[in-house]
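Visitor: Data: run22.txt, compact mmCIF, C-alpha atoms.
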```
# COMPACT_ATOMS: atom_id res chain seq x y z
CA MET A 1 -53.32 97.07 -29.67
CA SER A 2 -50.75 95.03 -31.60
CA VAL A 3 -50.66 92.22 -34.13
CA GLN A 4 -47.79 89.78 -33.60
CA SER A 5 -45.94 88.44 -36.64
CA VAL A 6 -45.09 84.75 -36.46
CA SER A 7 -41.86 85.30 -38.48
CA VAL A 8 -39.51 86.55 -35.75
CA GLN A 9 -37.05 83.71 -35.24
CA GLU A 10 -33.96 85.29 -36.78
CA GLU A 11 -34.49 88.63 -35.06
CA MET A 12 -34.88 87.01 -31.64
CA LEU A 13 -31.94 84.65 -32.11
CA SER A 14 -29.70 87.49 -33.26
CA GLU A 15 -30.49 89.47 -30.13
CA LEU A 16 -29.96 86.37 -27.99
CA ARG A 17 -26.51 85.74 -29.48
CA GLN A 18 -25.43 89.33 -28.92
CA CYS A 19 -26.68 89.33 -25.34
CA TRP A 20 -25.00 85.97 -24.69
CA ARG A 21 -21.59 87.40 -25.55
CA GLU A 22 -22.21 90.43 -23.32
CA LYS A 23 -23.51 88.52 -20.29
CA PHE A 24 -21.89 85.07 -20.43
CA GLY A 25 -18.96 85.52 -22.81
CA GLY A 26 -17.75 83.10 -25.44
CA GLU A 27 -20.19 81.09 -27.52
CA ALA A 28 -23.17 78.89 -26.75
CA GLU A 29 -23.07 75.17 -27.53
CA LEU A 30 -26.72 74.77 -28.39
CA CYS A 31 -29.76 76.64 -29.67
CA ALA A 32 -33.32 75.43 -29.07
CA PHE A 33 -36.95 76.46 -29.32
CA ALA A 34 -40.07 75.36 -27.46
CA PRO A 35 -43.47 76.61 -28.63
CA GLY A 36 -46.42 77.74 -26.61
CA ARG A 37 -49.72 75.99 -27.14
CA VAL A 38 -53.33 76.90 -27.67
CA ASN A 39 -56.13 74.48 -26.95
CA LEU A 40 -58.82 74.55 -29.61
CA ILE A 41 -61.34 72.71 -27.44
CA GLY A 42 -61.37 70.28 -24.52
CA GLU A 43 -60.82 72.69 -21.62
CA HIS A 44 -60.43 71.72 -17.98
CA ILE A 45 -60.82 68.02 -18.71
CA ASP A 46 -57.17 66.98 -19.01
CA TYR A 47 -57.23 66.03 -15.33
CA SER A 48 -60.54 64.16 -15.70
CA GLY A 49 -59.38 61.63 -18.27
CA GLY A 50 -60.76 63.57 -21.22
CA HIS A 51 -59.62 64.26 -24.76
CA VAL A 52 -58.03 67.61 -25.53
CA MET A 53 -57.29 69.17 -28.90
CA PRO A 54 -54.31 71.50 -28.68
CA LEU A 55 -51.74 72.62 -31.18
CA ALA A 56 -48.24 73.98 -30.73
CA ILE A 57 -48.05 77.58 -31.94
CA SER A 58 -45.37 79.75 -33.48
CA LEU A 59 -45.12 81.90 -30.36
CA GLY A 60 -42.64 80.37 -27.96
CA THR A 61 -39.31 80.46 -26.13
CA TYR A 62 -35.88 80.52 -27.74
CA GLY A 63 -32.79 79.51 -25.80
CA LEU A 64 -29.02 79.35 -25.98
CA ALA A 65 -27.14 77.05 -23.64
CA ARG A 66 -23.83 75.41 -22.75
CA ARG A 67 -22.59 72.97 -20.14
CA ARG A 68 -20.24 74.02 -17.36
CA GLU A 69 -17.49 71.99 -15.73
CA ASP A 70 -18.38 73.31 -12.25
CA LYS A 71 -21.78 73.02 -10.54
CA ARG A 72 -22.74 76.64 -11.16
CA LEU A 73 -26.14 77.38 -12.71
CA ARG A 74 -26.63 80.70 -14.49
CA PHE A 75 -29.92 81.80 -16.02
CA TYR A 76 -30.75 85.00 -17.88
CA SER A 77 -33.91 86.12 -19.67
CA LEU A 78 -34.07 88.98 -22.14
CA ASN A 79 -37.72 89.33 -21.10
CA PHE A 80 -36.65 90.20 -17.54
CA ARG A 81 -33.44 92.13 -18.08
CA GLY A 82 -33.90 94.09 -14.87
CA ILE A 83 -33.61 90.93 -12.80
CA GLY A 84 -30.14 90.24 -14.18
CA ILE A 85 -28.37 86.89 -14.07
CA LEU A 86 -29.94 84.41 -11.67
CA GLU A 87 -27.08 82.37 -10.30
CA MET A 88 -26.83 79.31 -8.05
CA ALA A 89 -23.13 78.84 -7.32
CA ASP A 90 -23.53 75.39 -5.76
CA GLY A 91 -26.14 74.09 -8.20
CA SER A 92 -28.89 74.43 -5.58
CA LEU A 93 -32.31 73.32 -6.82
CA GLN A 94 -34.78 74.76 -4.36
CA ASN A 95 -37.99 76.51 -5.39
CA ASP A 96 -37.16 80.07 -4.37
CA PRO A 97 -39.45 83.01 -5.28
CA ARG A 98 -36.35 85.19 -5.58
CA ASP A 99 -35.27 83.06 -8.55
CA HIS A 100 -38.36 84.11 -10.50
CA TRP A 101 -38.76 82.38 -13.90
CA SER A 102 -35.68 80.19 -13.44
CA ASN A 103 -37.62 78.02 -10.99
CA PHE A 104 -39.16 76.33 -14.06
CA CYS A 105 -35.66 75.49 -15.31
CA LYS A 106 -34.60 74.23 -11.90
CA ALA A 107 -37.78 72.16 -11.74
CA MET A 108 -36.75 70.26 -14.87
CA LEU A 109 -33.18 69.74 -13.67
CA GLN A 110 -34.35 68.42 -10.32
CA THR A 111 -37.02 66.17 -11.84
CA LEU A 112 -34.58 64.67 -14.34
CA ARG A 113 -32.11 63.98 -11.55
CA GLU A 114 -34.81 62.34 -9.45
CA ALA A 115 -35.69 60.19 -12.48
CA GLY A 116 -32.16 58.79 -12.39
CA TYR A 117 -30.44 60.80 -15.11
CA SER A 118 -26.85 61.73 -14.31
CA LEU A 119 -26.37 65.46 -14.86
CA GLU A 120 -22.81 66.24 -13.81
CA GLY A 121 -21.62 69.83 -13.93
CA GLY A 122 -23.52 73.06 -14.33
CA LEU A 123 -25.42 75.00 -16.98
CA ASP A 124 -25.59 78.43 -18.60
CA LEU A 125 -29.00 79.11 -20.14
CA MET A 126 -30.30 82.30 -21.73
CA ILE A 127 -33.86 82.60 -23.05
CA TYR A 128 -36.04 85.01 -24.98
CA GLY A 129 -39.75 84.39 -25.43
CA ASN A 130 -42.67 86.05 -27.18
CA ILE A 131 -45.55 84.28 -25.39
CA PRO A 132 -47.52 86.95 -23.51
CA SER A 133 -46.86 86.38 -19.81
CA GLY A 134 -49.86 85.11 -17.86
CA SER A 135 -51.88 84.64 -21.06
CA GLY A 136 -52.71 80.96 -20.65
CA LEU A 137 -50.65 80.00 -23.72
CA SER A 138 -48.33 77.79 -21.68
CA SER A 139 -45.30 80.01 -21.21
CA SER A 140 -44.31 77.89 -18.19
CA ALA A 141 -44.56 74.61 -20.11
CA SER A 142 -42.58 76.22 -22.92
CA VAL A 143 -39.72 77.10 -20.56
CA GLU A 144 -39.87 73.64 -18.97
CA LEU A 145 -39.69 71.82 -22.31
CA LEU A 146 -37.03 74.18 -23.62
CA THR A 147 -34.93 73.30 -20.57
CA GLY A 148 -35.69 69.62 -21.05
CA ILE A 149 -34.66 69.65 -24.72
CA VAL A 150 -31.46 71.55 -23.86
CA ILE A 151 -30.52 69.09 -21.11
CA LYS A 152 -31.35 66.09 -23.29
CA ALA A 153 -29.07 67.36 -26.06
CA LEU A 154 -26.17 68.63 -23.92
CA TRP A 155 -26.03 65.52 -21.73
CA ASP A 156 -26.94 63.16 -24.58
CA LEU A 157 -29.85 61.59 -22.67
CA GLU A 158 -31.91 58.69 -23.99
CA ILE A 159 -35.41 60.08 -23.49
CA ASP A 160 -38.28 60.52 -25.94
CA SER A 161 -40.67 63.44 -26.22
CA VAL A 162 -43.56 61.68 -24.46
CA GLN A 163 -41.33 60.86 -21.47
CA LEU A 164 -40.00 64.41 -21.42
CA SER A 165 -43.52 65.84 -21.37
CA LEU A 166 -44.44 63.60 -18.43
CA LEU A 167 -41.36 64.70 -16.50
CA ALA A 168 -42.22 68.34 -17.24
CA GLN A 169 -45.71 67.78 -15.85
CA LYS A 170 -44.19 66.22 -12.74
CA ALA A 171 -41.88 69.21 -12.40
CA GLU A 172 -44.88 71.56 -12.54
CA ASN A 173 -46.89 69.47 -10.07
CA GLN A 174 -44.23 68.73 -7.47
CA PHE A 175 -41.58 71.45 -7.74
CA ILE A 176 -43.70 74.43 -8.81
CA GLY A 177 -46.81 73.29 -6.94
CA VAL A 178 -49.42 73.65 -9.69
CA ASN A 179 -51.62 70.58 -9.99
CA CYS A 180 -51.90 70.72 -13.79
CA GLY A 181 -52.82 67.93 -16.17
CA ILE A 182 -50.63 66.66 -19.00
CA MET A 183 -52.04 68.70 -21.90
CA ASP A 184 -49.72 71.72 -21.87
CA GLN A 185 -46.45 69.82 -21.65
CA PHE A 186 -47.58 67.15 -24.12
CA ALA A 187 -48.68 69.67 -26.73
CA VAL A 188 -45.47 71.69 -26.40
CA ALA A 189 -43.38 68.53 -26.80
CA MET A 190 -45.44 66.75 -29.46
CA GLY A 191 -46.78 69.45 -31.76
CA ARG A 192 -46.63 69.01 -35.53
CA LYS A 193 -46.62 71.59 -38.29
CA ASP A 194 -50.07 72.22 -39.80
CA GLN A 195 -51.66 69.46 -37.71
CA VAL A 196 -53.97 69.33 -34.73
CA LEU A 197 -53.36 66.89 -31.89
CA LEU A 198 -56.07 64.82 -30.24
CA LEU A 199 -54.82 63.49 -26.91
CA ASN A 200 -56.57 61.07 -24.58
CA THR A 201 -55.25 62.38 -21.27
CA GLY A 202 -56.35 59.24 -19.45
CA THR A 203 -54.34 56.81 -21.59
CA LEU A 204 -51.90 59.13 -23.45
CA GLU A 205 -53.11 57.68 -26.74
CA TYR A 206 -52.93 60.38 -29.36
CA ASP A 207 -53.77 61.09 -32.96
CA TYR A 208 -53.14 63.85 -35.47
CA ALA A 209 -55.22 65.31 -38.25
CA PRO A 210 -54.40 67.92 -40.88
CA LEU A 211 -55.58 71.33 -39.73
CA LYS A 212 -57.87 72.10 -42.66
CA LEU A 213 -58.71 75.77 -42.23
CA GLU A 214 -59.14 76.59 -45.90
CA GLY A 215 -60.09 80.23 -46.12
CA CYS A 216 -59.94 80.72 -42.35
CA LYS A 217 -57.40 81.72 -39.70
CA LEU A 218 -57.05 81.04 -35.99
CA VAL A 219 -56.70 84.31 -34.09
CA ILE A 220 -55.64 84.42 -30.46
CA CYS A 221 -56.71 87.48 -28.54
CA SER A 222 -54.87 88.22 -25.31
CA SER A 223 -57.09 90.05 -22.85
CA ASN A 224 -53.97 91.32 -21.05
CA LYS A 225 -55.73 90.63 -17.81
CA HIS A 226 -52.90 88.91 -16.01
CA ARG A 227 -53.61 85.56 -14.46
CA SER A 228 -51.37 83.58 -12.17
CA LEU A 229 -52.22 79.91 -12.36
CA GLY A 230 -50.77 79.02 -8.98
CA ASN A 231 -52.89 81.70 -7.27
CA SER A 232 -56.07 81.07 -9.23
CA ALA A 233 -59.02 78.82 -8.45
CA TYR A 234 -57.53 76.13 -10.72
CA ASN A 235 -56.66 73.79 -7.87
CA ASP A 236 -60.12 74.31 -6.33
CA CYS A 237 -61.79 73.29 -9.59
CA ARG A 238 -59.68 70.19 -9.76
CA ARG A 239 -60.60 69.21 -6.21
CA GLU A 240 -64.29 69.71 -7.04
CA CYS A 241 -63.98 67.32 -9.98
CA GLU A 242 -62.22 64.78 -7.78
CA LYS A 243 -65.04 65.02 -5.23
CA ALA A 244 -67.65 64.55 -7.96
CA LEU A 245 -65.81 61.47 -9.21
CA SER A 246 -65.59 60.06 -5.68
CA ASP A 247 -69.35 60.46 -5.22
CA LEU A 248 -70.09 58.83 -8.57
CA GLN A 249 -67.83 55.89 -7.76
CA LYS A 250 -69.99 55.05 -4.75
CA ARG A 251 -72.79 54.24 -7.19
CA PHE A 252 -70.69 53.08 -10.15
CA LYS A 253 -67.42 51.58 -8.88
CA PRO A 254 -65.81 50.75 -12.27
CA LEU A 255 -65.65 54.48 -13.11
CA LYS A 256 -62.05 55.68 -13.19
CA ALA A 257 -62.50 59.19 -14.62
CA LEU A 258 -65.36 61.62 -15.21
CA CYS A 259 -64.83 61.68 -18.97
CA GLN A 260 -65.50 57.97 -19.27
CA LEU A 261 -69.18 58.87 -18.94
CA SER A 262 -71.36 59.78 -21.89
CA PRO A 263 -73.82 62.64 -21.40
CA ASP A 264 -76.65 60.09 -21.07
CA ASP A 265 -74.69 58.14 -18.45
CA PHE A 266 -74.04 61.31 -16.52
CA ASN A 267 -77.68 62.35 -16.55
CA ALA A 268 -78.62 58.98 -15.11
CA LEU A 269 -75.98 59.11 -12.35
CA GLN A 270 -75.63 62.80 -11.50
CA SER A 271 -77.84 62.66 -8.40
CA ALA A 272 -75.02 60.73 -6.70
CA ILE A 273 -72.95 63.94 -6.63
CA GLU A 274 -73.88 65.60 -3.35
CA ASP A 275 -72.54 69.10 -3.84
CA PRO A 276 -74.29 71.13 -6.58
CA ILE A 277 -71.07 72.96 -7.48
CA CYS A 278 -69.23 69.67 -7.91
CA ARG A 279 -72.15 68.46 -10.04
CA GLN A 280 -71.77 71.52 -12.30
CA ARG A 281 -68.04 70.89 -12.71
CA ALA A 282 -68.68 67.25 -13.60
CA ARG A 283 -71.38 68.16 -16.12
CA HIS A 284 -68.97 70.46 -17.90
CA ALA A 285 -66.30 67.74 -18.02
CA VAL A 286 -68.62 65.10 -19.47
CA TYR A 287 -70.20 67.35 -22.09
CA GLU A 288 -66.87 68.96 -23.02
CA GLU A 289 -65.50 65.49 -23.74
CA ALA A 290 -68.36 64.85 -26.17
CA ARG A 291 -67.83 68.26 -27.80
CA THR A 292 -64.11 67.61 -28.25
CA LEU A 293 -64.59 64.30 -30.03
CA ALA A 294 -67.21 65.88 -32.27
CA ALA A 295 -64.91 68.84 -32.97
CA PHE A 296 -62.06 66.56 -34.08
CA GLU A 297 -64.35 64.83 -36.55
CA ALA A 298 -65.63 68.20 -37.77
CA LEU A 299 -62.09 69.41 -38.44
CA LYS A 300 -61.12 66.16 -40.15
CA GLY A 301 -64.11 66.55 -42.43
CA GLY A 302 -63.53 70.23 -43.07
CA ASN A 303 -66.83 71.21 -41.43
CA LEU A 304 -65.70 74.53 -40.02
CA GLY A 305 -69.23 75.71 -39.30
CA ALA A 306 -69.86 72.76 -36.96
CA PHE A 307 -66.47 73.27 -35.34
CA GLY A 308 -67.23 76.94 -34.71
CA ARG A 309 -70.56 76.12 -33.07
CA LEU A 310 -68.84 73.65 -30.75
CA MET A 311 -66.35 76.35 -29.75
CA VAL A 312 -69.22 78.64 -28.76
CA SER A 313 -70.90 75.88 -26.74
CA SER A 314 -67.62 75.14 -25.00
CA HIS A 315 -67.24 78.76 -23.91
CA ALA A 316 -70.78 78.87 -22.52
CA SER A 317 -70.06 75.78 -20.44
CA LEU A 318 -66.78 77.17 -19.13
CA ARG A 319 -68.54 80.41 -18.25
CA ASP A 320 -71.69 79.02 -16.67
CA LEU A 321 -70.86 75.54 -15.34
CA TYR A 322 -67.14 75.65 -14.66
CA GLU A 323 -67.09 79.37 -13.81
CA VAL A 324 -63.54 80.00 -14.99
CA SER A 325 -64.25 82.79 -17.45
CA CYS A 326 -64.28 86.48 -16.55
CA ARG A 327 -65.81 89.71 -17.83
CA GLU A 328 -62.89 90.42 -20.16
CA LEU A 329 -62.98 86.99 -21.82
CA ASP A 330 -66.77 87.06 -22.16
CA PHE A 331 -66.57 90.51 -23.74
CA LEU A 332 -64.00 89.32 -26.29
CA VAL A 333 -66.03 86.24 -27.20
CA ASP A 334 -69.26 88.23 -27.53
CA ALA A 335 -67.53 90.89 -29.63
CA ALA A 336 -65.98 88.21 -31.85
CA LEU A 337 -69.33 86.56 -32.48
CA GLU A 338 -70.78 89.90 -33.57
CA GLU A 339 -68.33 89.88 -36.49
CA LYS A 340 -69.71 88.29 -39.67
CA SER A 341 -66.28 86.82 -40.43
CA CYS A 342 -66.17 84.85 -37.16
CA LEU A 343 -67.32 81.22 -37.19
CA GLY A 344 -66.63 80.54 -33.52
CA SER A 345 -64.85 81.83 -30.43
CA ARG A 346 -64.10 80.65 -26.90
CA MET A 347 -61.82 81.26 -23.96
CA THR A 348 -58.77 79.03 -23.97
CA GLY A 349 -56.50 77.97 -21.15
CA ALA A 350 -57.17 77.88 -17.44
CA GLY A 351 -59.26 81.03 -17.49
CA PHE A 352 -59.62 83.89 -14.98
CA GLY A 353 -57.97 86.07 -17.64
CA GLY A 354 -55.67 85.09 -20.45
CA CYS A 355 -56.84 84.56 -24.02
CA THR A 356 -59.61 83.68 -26.41
CA ILE A 357 -59.24 81.72 -29.64
CA SER A 358 -61.42 82.57 -32.63
CA LEU A 359 -61.95 80.99 -36.04
CA VAL A 360 -62.12 83.85 -38.55
CA ARG A 361 -62.52 83.95 -42.31
CA GLU A 362 -59.18 85.02 -43.75
CA GLU A 363 -60.50 88.00 -45.65
CA GLY A 364 -62.08 89.34 -42.47
CA VAL A 365 -59.12 89.07 -40.07
CA THR A 366 -58.01 92.71 -40.40
CA ASP A 367 -61.54 94.05 -39.82
CA PHE A 368 -62.01 91.55 -36.97
CA ILE A 369 -59.01 93.01 -35.15
CA ASP A 370 -59.77 96.62 -36.09
CA HIS A 371 -63.34 96.36 -34.80
CA ILE A 372 -62.78 94.44 -31.56
CA GLY A 373 -59.61 96.21 -30.42
CA PRO A 374 -61.14 99.69 -29.96
CA LYS A 375 -64.27 98.25 -28.32
CA TYR A 376 -62.16 96.42 -25.77
CA LEU A 377 -59.98 99.44 -25.08
CA ALA A 378 -63.04 101.63 -24.54
CA GLU A 379 -64.61 99.09 -22.18
CA PHE A 380 -61.61 98.23 -20.02
CA GLY A 381 -59.14 101.07 -20.43
CA TYR A 382 -56.28 98.93 -21.69
CA ALA A 383 -55.59 97.21 -24.99
CA ALA A 384 -56.00 93.66 -26.13
CA ASP A 385 -53.38 92.06 -28.39
CA PHE A 386 -54.10 89.84 -31.38
CA TYR A 387 -51.99 86.96 -32.70
CA PRO A 388 -52.93 85.07 -35.87
CA VAL A 389 -51.22 81.70 -35.35
CA THR A 390 -50.40 78.52 -37.18
CA ALA A 391 -49.63 75.01 -35.93
CA CYS A 392 -45.90 74.34 -35.62
CA GLU A 393 -43.43 71.65 -34.55
CA GLY A 394 -42.91 70.88 -30.88
CA ALA A 395 -39.81 71.59 -28.77
CA ARG A 396 -36.64 71.06 -30.78
CA VAL A 397 -32.98 71.90 -31.24
CA LEU A 398 -32.24 74.62 -33.83
CA ALA A 399 -29.13 75.28 -35.86
CA LEU A 400 -26.73 77.62 -34.08
```
What do you get writing this file as structure tokens?

Guide:
Amino acid sequence: MSVQSVSVQEEMLSELRQCWREKFGGEAELCAFAPGRVNLIGEHIDYSGGHVMPLAISLGTYGLARRREDKRLRFYSLNFRGIGILEMADGSLQNDPRDHWSNFCKAMLQTLREAGYSLEGGLDLMIYGNIPSGSGLSSSASVELLTGIVIKALWDLEIDSVQLSLLAQKAENQFIGVNCGIMDQFAVAMGRKDQVLLLNTGTLEYDYAPLKLEGCKLVICSSNKHRSLGNSAYNDCRRECEKALSDLQKRFKPLKALCQLSPDDFNALQSAIEDPICRQRARHAVYEEARTLAAFEALKGGNLGAFGRLMVSSHASLRDLYEVSCRELDFLVDAALEEKSCLGSRMTGAGFGGCTISLVREEGVTDFIDHIGPKYLAEFGYAADFYPVTACEGARVLAL
């Protein structure tokens, strides 16, 4: 069991610089950081036109980079030292399992080229991240946006953060092969310090509100049950939502997305959805949309009790209707809610493992971790990790 400090930037950058000189030689031209993200509420509706409420977090990916005159691409991660330098001498941009994490970097390069940006020459890129792998905190989006920010700066591209997030989503969809929505990439690109983001995934309209957590902390708990998004049931869930929408459109043709429906609308139309599983998925989407809008207003008004109750309701829906939770996540949520200091808890991310997010009174955070950690270890035989987090800025260039 460990508690991650959010103040690690200098330590990680120092190790990066030292490793750069050992592996690549000389000096880097650029330093950058891209955060991970945690979604407070609005889960599995970013591909159904719903609102999501993520924030960029202080855990993330640091990178050093420089342009090359030749076409050679060299990638190195301090998180995977045993793999060594991943090198493409001719600048090849194929999705190759042997290239491991660097496929996310290649995905961004290829997508930017396909979008018409001229990227002559090659690239050296070295990264070091502290997002738990497979946790559902958007480590892949973090690497994609880090690469995007690096390329934008080194090649002096005219591209804004919204455009970059859309290209990163396209890279994930088409190059990596994961049919994700826009939330992860948008949150990583567009995060703001001490603010929560409300994003309409159907229109890309967005709003911010101060994250008023007076007397409380957000605590991420990593179950350390590894999940691989590409191999999960994520794509199946998305197809089930698409089928539900198709059935509903036969009765109500103007409908463009599930989350355009209010709960009352859905109850009146739900019989049009033929498959009961697809009907469950659609019910979650519609009600989660309503919860998310209510949660944003609760946070704006400082009503943390109401926000916590909406978190709990969201988890129940993800567990029972969307069926993307698992025994480990349910255990963590139940254990959290047994703590008097906890106002609300839910799974966050795609599910099937990964993390929970809990709203905990500040004075109770230490006891919260000390009580839940041993229970989890006793139940599953391996430890959970806890990360108190704050909202931070999105992907950005740092001073060298």

Visitor: Counting all atoms listed in the file, find residues at most 12 Å from (-49.2, 63.1, -20.2) (file frame) and give them as number ranges by chain.

Guide: A: 46-47, 49-52, 161-170, 180-190, 199-206

Visitor: Contacts between stretch 53-60 of chain A and stretch 306-374 of chain A, please, where a residue of stretch 306-374 of chain A counts if it comes within 12 Å (with only C-alpha atoms); show its shortest atom pair and distance in Å to one decimal, rows by chain and ascending number, as JSON lines.

Guide:
```
{"residue": "A:Phe307", "atom": "CA", "partner": "A:Met53", "partner_atom": "CA", "distance": 11.9}
{"residue": "A:Met311", "atom": "CA", "partner": "A:Met53", "partner_atom": "CA", "distance": 11.6}
{"residue": "A:Thr348", "atom": "CA", "partner": "A:Pro54", "partner_atom": "CA", "distance": 9.9}
{"residue": "A:Gly349", "atom": "CA", "partner": "A:Pro54", "partner_atom": "CA", "distance": 10.2}
{"residue": "A:Ile357", "atom": "CA", "partner": "A:Pro54", "partner_atom": "CA", "distance": 11.4}
```

Visitor: Tell me which protein, DNA and RNA residues are within 8 Å of stretch 250-258 of chain A, counting only C-alpha atoms, leaving out same-chain ones fewer than 6 positions away, and put them as a list in words.

Guide: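 Returned residues: Ser48, Gly49, Gly50, Gly202, Cys241, Leu269, Ala272, Ala282, Ala285 and Val286 of chain A.
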
Visitor: Show me, as a VMD selection string, the residues that have an atom within 10 Å of stretch 344-346 of chain A when counting all atoms listed in the file, minus same-chain residues fewer than 5 positions from it.

Guide: chain A and resid 40 to 41 218 to 220 304 to 316 318 to 319 325 329 to 330 332 to 337 339 355 to 360

Visitor: So which residues are close to (-36.1, 78.0, -13.1), meaning at most 12 Å away in the file's coordinates with only C-alpha atoms counted, and can you show them as a ChimeraX atom specification?

Guide: /A:73-77,85-88,91-111,123-127,140-148,171-172,175-176

Visitor: Identify which of the residues A:Arg239, A:His284, A:Arg66, A:His371 lies closest to A:Gly26, counting all atoms listed in the file when measuring atom-to-atom distances.

Guide: A:Arg66

Visitor: Find the residue from A:Lys300, A:Lys243, A:Arg238, A:Lys375 that sits nearest to A:Phe331; use only C-alpha atoms when measuring.

Guide: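 With only C-alpha atoms as the atom set, the closest residue is A:Lys375.
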
Visitor: Using all atoms listed in the file, find the one residue out of A:Leu293, A:Val196, A:Leu16, A:Ala233 that sits nearest to A:Ala28.

Guide: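 Of A:Leu293, A:Val196, A:Leu16, A:Ala233, the one nearest A:Ala28 is A:Leu16, counting all atoms listed in the file.
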
Visitor: Tell me, in Å to one decimal, how far atom CA of A:Ser138 is from atom CA of A:Arg67.

Guide: 26.2 Å

Visitor: Counting all atoms listed in the file, which residue out of A:Pro263, A:Gly215, A:Gly136, A:Gly122 sits closest to A:Val38?

Guide: A:Gly136

Visitor: By how many Å are atom CA of A:Arg396 and atom CA of A:Phe33 apart?

Guide: 5.6 Å
